[in-house]
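S.K.: Here it is, the structure in full.
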Amino acid sequence: MIRFEDVSVTYDGAAEPALVGVDFEVPEGELVLLVGPSGTGKSTLLNTVSGLVPHFTGGTLRGRVTVAGRDTRTHKPRELADVVGTVGQDPLSHFVTDTVEDELAYGMESLGLAPAVMRRRVEETLDLLGLSDLRDRSLATLSGGQRQRVAIGSVLTPHPQVLVLDEPTSALDPAAAEEVLAVLQRLVHDLGTTVLMAEHRLERVIQYADRVAVLPAPGEAPLLGAPAEMMAVSPVCPPVVELGRLAGWSPLPLTVRDARRRAAGLRERLTGPAPRAAGPAAEAAHGPKTNGTPPPARPRGPRWFPGRRKVTAEPAPGSGHAAEVRALTVRRAHTEALHEVGLTLTAGETVALMGRNGAGKSTLLNTLVGLVEPTAGTVRVGGLVPHRTPPRDLVRHVGLVPQEPRDLLYADTVAAECAAADRDAQAAPGSCRALLSRLLPGVPDDTHPRDLSEGQRLTLALAVVLAARPPLLLLDEPTRGLDYAAKGRLVTLLRGLAADGHAIVLATHDVELAAELADRVILLAEGEVIADGPTAEVVVSSPSFAPQVTKILAPHPWLTVTQVREALA
Amino acid sequence: MHPGAWWLWSLALGTAATRTGNPLLLALLIAASAYVVSTCRPRTPDARSYTAFLRLALAVLLIRLVFAVALGSPVPGTHTLVTLPEVPLPHWAQGIRLGGAVTAESLLFALYDGLRLAALLICVGAANSLAHPARLLKSLPGALYEAGVAVVVALTFAPHLIADVRRLRAARRLRGRPDSGVRGLLQVGLPVLEGALERSVALAAAMDARGYGRTAEVPAPVRRTTTALTLGGLLGVCAGTYGLLTAEAGTYGLPLLLAGVTASLAGLRLGGRRSPRTRYRPDRWDARAWLVTASGAVPAALLTLAAATDPAALAPAVVPLTAPTLPLWPAAAVLVAVLPAFVAPTPKEPS
């Protein structure tokens, strides 16, 4: 269906080709997963299929790409629109019209299908993707998962034979990701659609792939093979595979179910010193110690707030907490974004804030930095009321790295950005740059922040925020778009900061990150705290928030491969 | 319901409003259109623009009154309400007066005049909220479709831009800089434009990949005929308009204009063959659309007629000061405009 014949792509002005030696074929009805670290040309490879490379982006394409017998050199993207459907990383930038139904019909209108056919297919697609309740809704009002499903639906209606997806689940919470993946599987199984997909979150998608293409490093030819074989050599792999490698299982398991069936022996070997003592204690006993400092004292045992019970027995204010939130309610345009939320953050503690898209995680973080004014209740950060404190003073108490780190960056070089950060934070000149070099060596001074990779940009934003040395650090979805290596670096870095006494709050969908990093997990649903306690206790009991290692080794409460490795050593 | 019908209805009501200065008739007209809007407007965020238009109309009315008070009015009046101190102006500003006596007559005249303008604005607002202008674009002929999409994209662009500005100003606060003031706005300007440009490029890529701009093969004679018809038609329209506007041309103006319009329309229709596009659920012009259009046209026609036959009732005098009366059959004509509230389909509740 898709044929790559010795394809290489060089962008204008680039010294090295972005992609070399791609030579394989994707047969009809197969789901091929494209994996590899960032910057190895995954998006470029995807865009050659739809013809956007080189017709839209420019650059030179050598070799030949044929899709359903059409050569992309002679066919423009619009002439391939009836055989290839492409969904990019950001569904919002994909939308042309403003309501769900019109968006689904748009592609068919361009292709000139008969009105009766269009009507039938729109109805079918609404049902297939579970969107029929949303048909009249404005696209701007949809949640992340709904947007992604509409974007997929909008390219499905012309019945393309090939579907090309760039990171379809990265921005989604675990449940919404499941929804999208279930749809993809249905397409592949029932309609015989060929799917080519790139994704960083392998733990979510690897089990659906028929074959995997690995782009090992920039400038290297991709390797193609069965998922289990490829995972043995891939530089990036999900926890289930890592555990399989650790235990020496062959072939490697790809799903939790496979792994569980083999894990009986491993479970027995691990019965000894189980990390039952909960979160940080377990980290202390088994987790990697980045700088040898003892973990912070456990704040409290697990607390559960079923229903609407209010927070009781909070410690007195001003008792040295990094932040304190009591009975916080935030109402926005008739909807309650947060309802009677109460929590205390202690220095040196790492907290993961989890929950669906739209559960109120970002609102809570924004309230802590004073971007949102509470409707009721109190918020104190280092003894200050955030929304009444001038920004200049507040930055020295709390810092937030927003979902899109680029929002924080205004200057046109890294050096200028660091200098501006020093001025803003009234820190000694050069301190932000020193911090950046410590966090991530090798970021050149004269690069434009826009040209940095996703991980580098996040680190720069982090350095900018840390220049003011805030005792409380908040991160909103830090791992979106990061590959495993960049994520690993982030984990080490944040552990170091926590050991230095920073209190850290991460709002994240990434259960593996939470398992790796957090002492405590707070689950939000519909603006209410539904669980608050040590990571091990909260995530183990939740099927959608449990990390893969926990699912495999249940009932033992192991969270990460690192823990298991240390225990076996 | 065809959006064109709503626009015709509203514009016809607007025309009716310009025909009369009678505050009772104008109030009746505003009430009629407001009633239709409240029963028929779709439950979408765009439909809320009606309130904005109401506010704008009120502002226009107030500004008109303030001007009448501050700058005086040519209306001679005897009932002085207050006398403001008059600012002496140099001789070259003769004819302009600042302050001075404010008479009941001049205020009332300004009120009637402002009310007429406000009614016109409210009618446009009604059209906007009953049928979003973007929906009108769906009914454009195929040849103009690509221009229509550009307008739609531009229309959705503005809200995105505002959201970007808000987000980036919030981000300034995170950097420890004040998030208000003009300087803050200027500093986020460049990143906002950069972001907007990137989004436009991404959208263009997505549209290209989804088949925007596909063309069908058209035989050369058809192509040539299209060009000839369009160019000839436009020339005809220009010459015809000129003929209509110059007094001495007399007879050739109107026929030439009509021929030009016909030729242009035929050209557009033929030009549509180049684009293989089809339409998903096009809005149909049905009996209801005819009824709605007629219910707007009737008041417009009758009020124009009334303005010719009975000018006194439609433009009540302010000198001498009299209470306006409601002329019976023009009022009945205005009430016809409420008809859409009963014939138009009721909007669906949002899911």
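Chain labels A, B, ... are given in the sequence in which chains occur in the structure tokens; within each chain residues are numbered consecutively from 1, and ligands are likewise numbered from 1 in the order shown.
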Need the shell around region 75-86 of chain B: protein/DNA/RNA residues with any atom at most 9 Å away, counting only C-alpha atoms. Skip same-chain ones fewer than 6 positions apart. Format as a list in words?

M.R.: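 Result of the neighbour search: Val69, Arg97, Leu98, Gly99, Gly100, Ala101, Val102, Thr103, Ala104, Glu105, Ser106, Phe109, Val318, Val319, Pro320 and Leu321 of chain B.
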
S.K.: May I have the selected residues written with N, CA and C atoms, as a PDB file, in the first residue's frame?

M.R.:
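So the final result, stored in result_17.pdb, reads:
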ATOM      1  N   VAL B  69     -27.071  67.714  23.228  1.00  0.00           N
ATOM      2  CA  VAL B  69     -26.995  68.585  24.396  1.00  0.00           C
ATOM      3  C   VAL B  69     -25.786  69.504  24.304  1.00  0.00           C
ATOM      4  N   ARG B  97     -21.634  75.578  17.945  1.00  0.00           N
ATOM      5  CA  ARG B  97     -21.973  76.144  19.238  1.00  0.00           C
ATOM      6  C   ARG B  97     -21.627  75.107  20.305  1.00  0.00           C
ATOM      7  N   LEU B  98     -21.012  75.548  21.377  1.00  0.00           N
ATOM      8  CA  LEU B  98     -20.730  74.623  22.482  1.00  0.00           C
ATOM      9  C   LEU B  98     -21.542  75.078  23.678  1.00  0.00           C
ATOM     10  N   GLY B  99     -22.368  74.189  24.198  1.00  0.00           N
ATOM     11  CA  GLY B  99     -23.189  74.571  25.330  1.00  0.00           C
ATOM     12  C   GLY B  99     -24.390  75.373  24.875  1.00  0.00           C
ATOM     13  N   GLY B 100     -24.950  76.142  25.786  1.00  0.00           N
ATOM     14  CA  GLY B 100     -26.113  76.950  25.445  1.00  0.00           C
ATOM     15  C   GLY B 100     -27.394  76.287  25.907  1.00  0.00           C
ATOM     16  N   ALA B 101     -28.504  76.771  25.434  1.00  0.00           N
ATOM     17  CA  ALA B 101     -29.801  76.290  25.879  1.00  0.00           C
ATOM     18  C   ALA B 101     -30.097  74.898  25.326  1.00  0.00           C
ATOM     19  N   VAL B 102     -30.642  74.058  26.156  1.00  0.00           N
ATOM     20  CA  VAL B 102     -31.069  72.720  25.724  1.00  0.00           C
ATOM     21  C   VAL B 102     -32.580  72.700  25.742  1.00  0.00           C
ATOM     22  N   THR B 103     -33.184  72.514  24.588  1.00  0.00           N
ATOM     23  CA  THR B 103     -34.638  72.547  24.543  1.00  0.00           C
ATOM     24  C   THR B 103     -35.204  71.143  24.465  1.00  0.00           C
ATOM     25  N   ALA B 104     -36.404  70.979  24.916  1.00  0.00           N
ATOM     26  CA  ALA B 104     -37.085  69.691  24.872  1.00  0.00           C
ATOM     27  C   ALA B 104     -37.234  69.232  23.434  1.00  0.00           C
ATOM     28  N   GLU B 105     -37.481  70.176  22.531  1.00  0.00           N
ATOM     29  CA  GLU B 105     -37.660  69.829  21.123  1.00  0.00           C
ATOM     30  C   GLU B 105     -36.391  69.215  20.542  1.00  0.00           C
ATOM     31  N   SER B 106     -35.244  69.842  20.816  1.00  0.00           N
ATOM     32  CA  SER B 106     -34.006  69.344  20.222  1.00  0.00           C
ATOM     33  C   SER B 106     -33.674  67.966  20.787  1.00  0.00           C
ATOM     34  N   PHE B 109     -35.935  65.460  19.136  1.00  0.00           N
ATOM     35  CA  PHE B 109     -35.525  65.228  17.757  1.00  0.00           C
ATOM     36  C   PHE B 109     -34.330  64.282  17.709  1.00  0.00           C
ATOM     37  N   VAL B 318     -41.679  67.603  15.974  1.00  0.00           N
ATOM     38  CA  VAL B 318     -41.252  67.939  17.330  1.00  0.00           C
ATOM     39  C   VAL B 318     -41.543  69.412  17.615  1.00  0.00           C
ATOM     40  N   VAL B 319     -41.743  70.200  16.560  1.00  0.00           N
ATOM     41  CA  VAL B 319     -42.111  71.602  16.732  1.00  0.00           C
ATOM     42  C   VAL B 319     -43.462  71.826  16.068  1.00  0.00           C
ATOM     43  N   PRO B 320     -44.515  72.117  16.739  1.00  0.00           N
ATOM     44  CA  PRO B 320     -44.629  72.205  18.198  1.00  0.00           C
ATOM     45  C   PRO B 320     -44.592  70.828  18.853  1.00  0.00           C
ATOM     46  N   LEU B 321     -44.294  70.813  20.128  1.00  0.00           N
ATOM     47  CA  LEU B 321     -44.150  69.585  20.894  1.00  0.00           C
ATOM     48  C   LEU B 321     -45.485  68.843  20.980  1.00  0.00           C
TER      49      LEU B 321
END

S.K.: For the contact check between chain A and chain B, emit one row per residue of chain A within 8 Å, containing the shortest atom pair and the distance in Å rounded to one decimal, counting only C-alpha atoms, chain then rising number order, as CSV.

M.R.:
residue,atom,partner,partner_atom,distance
A:Ser50,CA,B:Ala209,CA,6.7
A:Gly51,CA,B:Ala209,CA,7.9
A:Leu52,CA,B:Ala205,CA,7.0
A:Phe56,CA,B:Ala205,CA,6.8
A:Pro77,CA,B:Ala209,CA,4.9
A:Arg78,CA,B:Gly211,CA,4.0
A:Glu79,CA,B:Gly211,CA,6.6
A:Leu80,CA,B:Ala209,CA,7.4
A:Ala81,CA,B:Gly211,CA,5.1
A:Asp82,CA,B:Gly211,CA,7.6
A:Gly85,CA,B:Arg210,CA,7.3
A:Thr86,CA,B:Ala209,CA,7.0
A:Val87,CA,B:Ala206,CA,7.9
A:Gly88,CA,B:Ala206,CA,8.0
A:Ser93,CA,B:Leu203,CA,5.3
A:His94,CA,B:Ala206,CA,5.4
A:Phe95,CA,B:Leu203,CA,7.3
A:Val96,CA,B:Val153,CA,6.9
A:Thr97,CA,B:Val152,CA,7.5
A:Asp98,CA,B:Thr156,CA,7.8
A:Asp102,CA,B:Tyr280,CA,7.8
A:Ala105,CA,B:Tyr280,CA,6.3
A:Gly107,CA,B:Arg210,CA,5.4
A:Met108,CA,B:Thr278,CA,7.9
A:Glu109,CA,B:Thr278,CA,4.9
A:Ser110,CA,B:Arg277,CA,5.0
A:Leu111,CA,B:Arg277,CA,6.1
A:Gly112,CA,B:Arg277,CA,4.2
A:Leu113,CA,B:Thr278,CA,6.2
A:Ala114,CA,B:Thr278,CA,6.7
A:Pro115,CA,B:Tyr280,CA,5.7
A:Met118,CA,B:Tyr280,CA,6.5
A:Arg119,CA,B:Tyr280,CA,7.0
A:Asp133,CA,B:Ser351,CA,6.1
A:Leu134,CA,B:Ser351,CA,6.5
A:Asp136,CA,B:Pro350,CA,7.4
A:Arg137,CA,B:Ser351,CA,7.4
A:Ser138,CA,B:Thr44,CA,7.7
A:Val155,CA,B:Arg210,CA,7.3
A:Val369,CA,B:Leu174,CA,7.4
A:Leu371,CA,B:Ala170,CA,6.6
A:Pro390,CA,B:Pro178,CA,7.4
A:Pro391,CA,B:Gly176,CA,4.4
A:Arg392,CA,B:Gly176,CA,4.3
A:Asp393,CA,B:Gly176,CA,7.2
A:Leu394,CA,B:Gly176,CA,7.0
A:Val395,CA,B:Gly176,CA,5.4
A:Gly399,CA,B:Leu174,CA,6.6
A:Leu400,CA,B:Leu174,CA,6.5
A:Pro402,CA,B:Ala171,CA,7.9
A:Asp407,CA,B:Leu168,CA,5.8
A:Leu408,CA,B:Ala171,CA,5.7
A:Tyr410,CA,B:Pro191,CA,6.6
A:Ala421,CA,B:Arg175,CA,7.3
A:Asp424,CA,B:Gly176,CA,5.9
A:Ala425,CA,B:Gly176,CA,6.9
A:Val464,CA,B:Arg175,CA,7.9
A:Val465,CA,B:Arg175,CA,7.0

S.K.: Please, which residues of region 50-290 of chain B, numbered as in this document, come out helix (DSSP H, G or I) from DSSP, as a ChimeraX atom specification?

M.R.: /B:50-71,91-93,104-130,133-137,142-174,182-209,220-245,247-249,253-274,287-290

S.K.: Which of these residues is nearest to Gly355 (chain A), using only C-alpha atoms: A:Thr40, A:Thr389, A:Ser544, A:Gln207?

M.R.: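 Counting only C-alpha atoms, the residue closest to Gly355 (chain A) is A:Ser544.
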
S.K.: Quick one: residues within 10 Å of Ala359 (chain A), only C-alpha atoms counted, chain neighbours fewer than 3 positions away excluded, as a VMD selection string?

M.R.: chain A and resid 337 to 338 354 to 356 362 to 364 523 to 529

S.K.: Identify which of the residues A:Pro253, A:Pro168, A:Gly244, A:Pro534 lies closest to Arg480 (chain A), counting only C-alpha atoms when measuring atom-to-atom distances.

M.R.: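 Of A:Pro253, A:Pro168, A:Gly244, A:Pro534, the one nearest Arg480 (chain A), counting only C-alpha atoms, is A:Pro168.
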
S.K.: Compile the contact shell of Pro174 (chain A) as a PyMOL selection string: residues with an atom at most 12 Å away, counting only C-alpha atoms, same-chain residues fewer than 3 positions apart removed.

M.R.: chain A and resi 144-145+169-171+177-181+201+203-205+354-357+508-512+542-547

S.K.: Residues as selected, C-alpha atoms, written as a PDB file, in the first residue's frame, can you do that?

M.R.:
ATOM      1  CA  GLY A 144      -8.598  17.025  24.091  1.00  0.00           C
ATOM      2  CA  GLY A 145      -9.768  13.473  23.512  1.00  0.00           C
ATOM      3  CA  THR A 169      -2.346  10.026  22.162  1.00  0.00           C
ATOM      4  CA  SER A 170       0.468  12.131  23.611  1.00  0.00           C
ATOM      5  CA  ALA A 171      -1.733  14.930  24.897  1.00  0.00           C
ATOM      6  CA  ALA A 177      -6.072   7.563  24.775  1.00  0.00           C
ATOM      7  CA  GLU A 178      -7.764   4.198  25.147  1.00  0.00           C
ATOM      8  CA  GLU A 179     -10.786   5.597  23.305  1.00  0.00           C
ATOM      9  CA  VAL A 180      -8.704   6.771  20.370  1.00  0.00           C
ATOM     10  CA  LEU A 181      -6.721   3.545  20.192  1.00  0.00           C
ATOM     11  CA  ARG A 201       4.151   6.803  24.618  1.00  0.00           C
ATOM     12  CA  GLU A 203       3.357   1.718  26.634  1.00  0.00           C
ATOM     13  CA  ARG A 204       0.016   2.744  25.211  1.00  0.00           C
ATOM     14  CA  VAL A 205       0.365   1.661  21.607  1.00  0.00           C
ATOM     15  CA  MET A 354      -3.633  13.380  37.972  1.00  0.00           C
ATOM     16  CA  GLY A 355      -7.082  13.125  36.459  1.00  0.00           C
ATOM     17  CA  ARG A 356      -8.958  13.418  33.180  1.00  0.00           C
ATOM     18  CA  ASN A 357      -8.478  16.262  30.722  1.00  0.00           C
ATOM     19  CA  THR A 508       0.465  14.873  34.328  1.00  0.00           C
ATOM     20  CA  HIS A 509      -1.274  12.122  32.378  1.00  0.00           C
ATOM     21  CA  ASP A 510       1.882  10.078  32.354  1.00  0.00           C
ATOM     22  CA  VAL A 511       1.394   7.335  34.921  1.00  0.00           C
ATOM     23  CA  GLU A 512       4.916   6.025  34.406  1.00  0.00           C
ATOM     24  CA  SER A 542      -6.687   2.369  40.203  1.00  0.00           C
ATOM     25  CA  PRO A 543      -6.792   0.380  36.978  1.00  0.00           C
ATOM     26  CA  SER A 544      -6.289   3.318  34.648  1.00  0.00           C
ATOM     27  CA  PHE A 545      -3.635   5.100  36.693  1.00  0.00           C
ATOM     28  CA  ALA A 546      -1.552   2.045  37.616  1.00  0.00           C
ATOM     29  CA  PRO A 547       1.834   1.888  35.886  1.00  0.00           C
TER      30      PRO A 547
END

S.K.: In Å, rounded to a single decimal, give me how far CA of Leu303 (chain B) is from CA of Ala315 (chain B).

M.R.: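 Between CA of Ala315 (chain B) and CA of Leu303 (chain B) the gap is 11.3 Å.
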
S.K.: Mind listing the strand (DSSP E) residues of region 124-286 of chain A, per DSSP on the backbone, as number ranges by chain?

M.R.: A: 162-166, 194-198, 211-214, 223-225

S.K.: Take the residues from that selection and write them out as a PDB file, in the first residue's frame, keeping N, CA and C atoms.

M.R.:
ATOM      1  N   VAL A 162      -5.174   4.772   3.555  1.00  0.00           N
ATOM      2  CA  VAL A 162      -4.031   4.905   4.452  1.00  0.00           C
ATOM      3  C   VAL A 162      -4.314   6.021   5.458  1.00  0.00           C
ATOM      4  N   LEU A 163      -3.994   5.758   6.713  1.00  0.00           N
ATOM      5  CA  LEU A 163      -4.156   6.762   7.748  1.00  0.00           C
ATOM      6  C   LEU A 163      -2.782   7.040   8.347  1.00  0.00           C
ATOM      7  N   VAL A 164      -2.390   8.310   8.392  1.00  0.00           N
ATOM      8  CA  VAL A 164      -1.082   8.672   8.927  1.00  0.00           C
ATOM      9  C   VAL A 164      -1.301   9.532  10.163  1.00  0.00           C
ATOM     10  N   LEU A 165      -0.765   9.092  11.318  1.00  0.00           N
ATOM     11  CA  LEU A 165      -1.036   9.795  12.569  1.00  0.00           C
ATOM     12  C   LEU A 165       0.271  10.136  13.264  1.00  0.00           C
ATOM     13  N   ASP A 166       0.399  11.404  13.675  1.00  0.00           N
ATOM     14  CA  ASP A 166       1.594  11.831  14.384  1.00  0.00           C
ATOM     15  C   ASP A 166       1.222  12.046  15.845  1.00  0.00           C
ATOM     16  N   THR A 194      -4.942   0.877   6.351  1.00  0.00           N
ATOM     17  CA  THR A 194      -3.519   0.798   6.648  1.00  0.00           C
ATOM     18  C   THR A 194      -3.164   2.000   7.515  1.00  0.00           C
ATOM     19  N   VAL A 195      -2.481   1.754   8.638  1.00  0.00           N
ATOM     20  CA  VAL A 195      -2.178   2.855   9.544  1.00  0.00           C
ATOM     21  C   VAL A 195      -0.669   2.955   9.749  1.00  0.00           C
ATOM     22  N   LEU A 196      -0.147   4.161   9.599  1.00  0.00           N
ATOM     23  CA  LEU A 196       1.248   4.430   9.912  1.00  0.00           C
ATOM     24  C   LEU A 196       1.222   5.499  10.986  1.00  0.00           C
ATOM     25  N   MET A 197       1.850   5.192  12.137  1.00  0.00           N
ATOM     26  CA  MET A 197       1.647   6.069  13.288  1.00  0.00           C
ATOM     27  C   MET A 197       2.953   6.244  14.039  1.00  0.00           C
ATOM     28  N   ALA A 198       3.250   7.465  14.473  1.00  0.00           N
ATOM     29  CA  ALA A 198       4.406   7.706  15.329  1.00  0.00           C
ATOM     30  C   ALA A 198       3.885   8.029  16.713  1.00  0.00           C
ATOM     31  N   ARG A 211       3.647  -4.300  12.984  1.00  0.00           N
ATOM     32  CA  ARG A 211       5.094  -4.234  12.832  1.00  0.00           C
ATOM     33  C   ARG A 211       5.585  -2.902  13.362  1.00  0.00           C
ATOM     34  N   VAL A 212       6.874  -2.846  13.675  1.00  0.00           N
ATOM     35  CA  VAL A 212       7.451  -1.627  14.233  1.00  0.00           C
ATOM     36  C   VAL A 212       8.634  -1.218  13.379  1.00  0.00           C
ATOM     37  N   ALA A 213       8.674   0.061  13.040  1.00  0.00           N
ATOM     38  CA  ALA A 213       9.846   0.602  12.353  1.00  0.00           C
ATOM     39  C   ALA A 213      10.596   1.466  13.349  1.00  0.00           C
ATOM     40  N   VAL A 214      11.868   1.133  13.567  1.00  0.00           N
ATOM     41  CA  VAL A 214      12.656   1.882  14.542  1.00  0.00           C
ATOM     42  C   VAL A 214      13.612   2.804  13.806  1.00  0.00           C
ATOM     43  N   LEU A 223      14.940   0.377  10.915  1.00  0.00           N
ATOM     44  CA  LEU A 223      14.861  -1.082  10.955  1.00  0.00           C
ATOM     45  C   LEU A 223      13.394  -1.445  11.066  1.00  0.00           C
ATOM     46  N   LEU A 224      12.996  -2.487  10.373  1.00  0.00           N
ATOM     47  CA  LEU A 224      11.592  -2.863  10.398  1.00  0.00           C
ATOM     48  C   LEU A 224      11.474  -4.317  10.811  1.00  0.00           C
ATOM     49  N   GLY A 225      10.515  -4.610  11.660  1.00  0.00           N
ATOM     50  CA  GLY A 225      10.347  -5.993  12.047  1.00  0.00           C
ATOM     51  C   GLY A 225       9.176  -6.177  12.970  1.00  0.00           C
TER      52      GLY A 225
END

S.K.: With only C-alpha atoms as the atoms that count, which of B:Ala300, B:Leu245, B:Leu107, B:Leu257 lies nearest to Gly233 (chain B)?

M.R.: B:Leu257

S.K.: Let me make sure I understand: among A:Arg257, A:Ala151, A:Thr66, A:His55, which one has the smallest atom-to-atom distance to Leu92 (chain A) if we use only C-alpha atoms?

M.R.: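 Among A:Arg257, A:Ala151, A:Thr66, A:His55, it is A:Ala151 that comes nearest to Leu92 (chain A).
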
S.K.: Pick the closest to Leu497 (chain A) from A:Val325, A:Ala347, A:Leu553, A:Ala352: which is it, counting only C-alpha atoms?

M.R.: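 Nearest candidate to Leu497 (chain A) out of A:Val325, A:Ala347, A:Leu553, A:Ala352: A:Ala347.
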
S.K.: Please list as number ranges by chain every residue within 8 Å of region 144-148 of chain B, counting only C-alpha atoms and excluding residues in the same chain fewer than 6 positions away.

M.R.: B: 137-138, 213, 268, 272

S.K.: Go ahead and save the residues from that selection, with C-alpha atoms, as a compact mmCIF listing (two decimals), in the first residue's frame.

M.R.:
# COMPACT_ATOMS: atom_id res chain seq x y z
CA LEU B 137 -20.62 31.79 2.67
CA LYS B 138 -21.72 28.20 2.29
CA GLY B 213 -7.97 23.42 -4.14
CA LEU B 268 -19.65 32.47 -12.09
CA GLY B 272 -17.87 26.66 -10.79

S.K.: What does the distance from CA of Gly370 (chain A) to CA of Ala531 (chain A) come to in Å, to one decimal?

M.R.: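 That distance, rounded to one decimal, is 24.4 Å.
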
S.K.: One decimal, Å: what's the distance from CA of Ala126 (chain B) over to CA of Ser33 (chain B), could you say?

M.R.: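 CA of Ala126 (chain B) sits 7.0 Å away from CA of Ser33 (chain B).
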